[in-house]
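Undergrad: My questions will all concern the structure given below.
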Amino acid sequence: MKVAFFTLSVTALLTAFSIVTAELPIGADLPNGDAALKDISGKDITLKKAMKENGLLVMFSCNTCPVVKGYQERTNEICNYALGKKVGVILLNSNEGGREGGDSFDAMKAYGSRNAYKWYYAVDKDNVLADVFGASRTPECYLFDKNGKLVYKGAIDDNPEDTDAVKTKYLQSAIDATVAGKDVATKETRSVGCGIKRKG
């Protein structure tokens, strides 16, 4: 009975924290591009406004996930890389279940400042964008080309545990191909990280 109860409890928690709708398919248009999002600057931003001439990188992230923290240096590198290639960048915090704690707006502002963010970091209120994208993890990346078409989704690279052991930089390769007007070779990978904490 204890095992069965434990299983049910874990299932209930996973359901509360990780329910997602169907995943956004490769080739899909940028969804909810005009929806207002509160950035850590205090100003409202939209996905369309965040886009630059060569596209947009949308990354679901947070302040509290150990995987996000472990990836932080690489996150900064790839976000700066994208901006250098004239690809807009916006990080979205969809952890509505943690909004009273470590993923509050004030905590987001402090985290962004501490990590020298030069890009947007916005609140995804009520998980609206996470649900539309079908995002389930942090960090999880979605790259759109200049026409607003999804060309890559998934992980930053192939090794979340060890920077020195990375063999394939999926997201950087996708950015390079997109900027060059070429087809992205690897369009989907599996992101590894903490489940987005949706409100139950």
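Chain labels run A, B, ... following the order of the structure tokens; each chain numbers its residues from 1, and ligands are numbered from 1 in the order shown.
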Give the strand (DSSP E) residues of region 19-152 of chain A, as DSSP finds them on the backbone, and put them as number ranges by chain.
TA: A: 37-39, 44-45, 56-61, 88-93, 120-123, 137-138, 140-144, 150-152
Undergrad: Considering only C-alpha atoms, return as a ChimeraX atom specification whatever protein or nucleic-acid residues lie within 9 Å of Leu56 (chain A), sequence-local ones (same chain, fewer than 2 positions apart) excluded.
TA: /A:47-48,50-54,58,82,86-90,142-146,148
Undergrad: For each of A:Asn127, A:Ser113, A:Ser136, A:Thr163, take the minimum atom-to-atom distance to Ser41 (chain A), counting only C-alpha atoms, then give the residue where this is smallest.
TA: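 Once distances to Ser41 (chain A) are computed over only C-alpha atoms, the minimum belongs to A:Ser113.
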Undergrad: Looking at A:Ala185, A:Cys79, A:Ala180, A:Leu37, which one is nearest to Ala116 (chain A), with distances taken over only C-alpha atoms?
TA: A:Cys79
Undergrad: Using only C-alpha atoms, which residue out of A:Val192, A:Met108, A:Val123, A:Leu129 lies closest to Glu161 (chain A)?
TA: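 Ranked by minimum distance to Glu161 (chain A), first place goes to A:Val192.
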Undergrad: So how far away is CA of Lys182 (chain A) from CA of Asp34 (chain A), in Å?
TA: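 Straight-line distance from CA of Asp34 (chain A) to CA of Lys182 (chain A) works out to 27.4 Å.
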Undergrad: If you run DSSP on the backbone, which residues of chain A are alpha helix (DSSP H), as a VMD selection string?
TA: chain A and resid 2 to 18 47 to 50 66 to 84 105 to 114 128 to 133 170 to 179
Undergrad: Which residues of region 81-162 of chain A come within 6 Å of region 59-72 of chain A, and for each one, what is the closest pair of atoms and their distance in Å to one decimal, counting only C-alpha atoms, sorted by chain and residue number, as CSV?
TA:
```
residue,atom,partner,partner_atom,distance
A:Leu91,CA,A:Met59,CA,4.7
A:Leu92,CA,A:Phe60,CA,4.8
A:Asn93,CA,A:Cys62,CA,5.0
A:Asp103,CA,A:Asn63,CA,5.8
A:Thr138,CA,A:Ser61,CA,4.8
A:Pro139,CA,A:Ser61,CA,4.9
A:Glu140,CA,A:Phe60,CA,5.2
A:Cys141,CA,A:Met59,CA,4.4
```
Undergrad: For Asp124 (chain A), which of A:Arg74, A:Arg99, A:Arg137, A:Lys109 is the closest residue, counting only C-alpha atoms?
TA: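 Among the listed residues, the smallest separation from Asp124 (chain A) belongs to A:Arg99.
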Undergrad: Counting only C-alpha atoms, what is within 9 Å of Val184 (chain A), bar same-chain residues fewer than 3 positions away, as a list in words?
TA: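 Listed by chain and then number, they are Val151, Tyr152, Ser173, Ala174, Ile175, Asp176, Ala177, Thr178 and Lys187 of chain A.
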Undergrad: Just checking: using only C-alpha atoms, which residue out of A:Lys85, A:Thr75, A:Tyr120, A:Ala22 ends up closest to Ile45 (chain A)?
TA: A:Tyr120
Undergrad: Smallest atom-to-atom distance to Leu30 (chain A): which of A:Val132, A:Leu150, A:Lys199, A:Asp183, using only C-alpha atoms?
TA: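 Checking each candidate against Leu30 (chain A), we get A:Leu150 as the closest.
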Undergrad: Between CA of Tyr81 (chain A) and CA of Tyr117 (chain A), what is the distance in Å, rounded to a tenth?
TA: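 Computed distance, CA of Tyr81 (chain A) to CA of Tyr117 (chain A), equals 12.8 Å.
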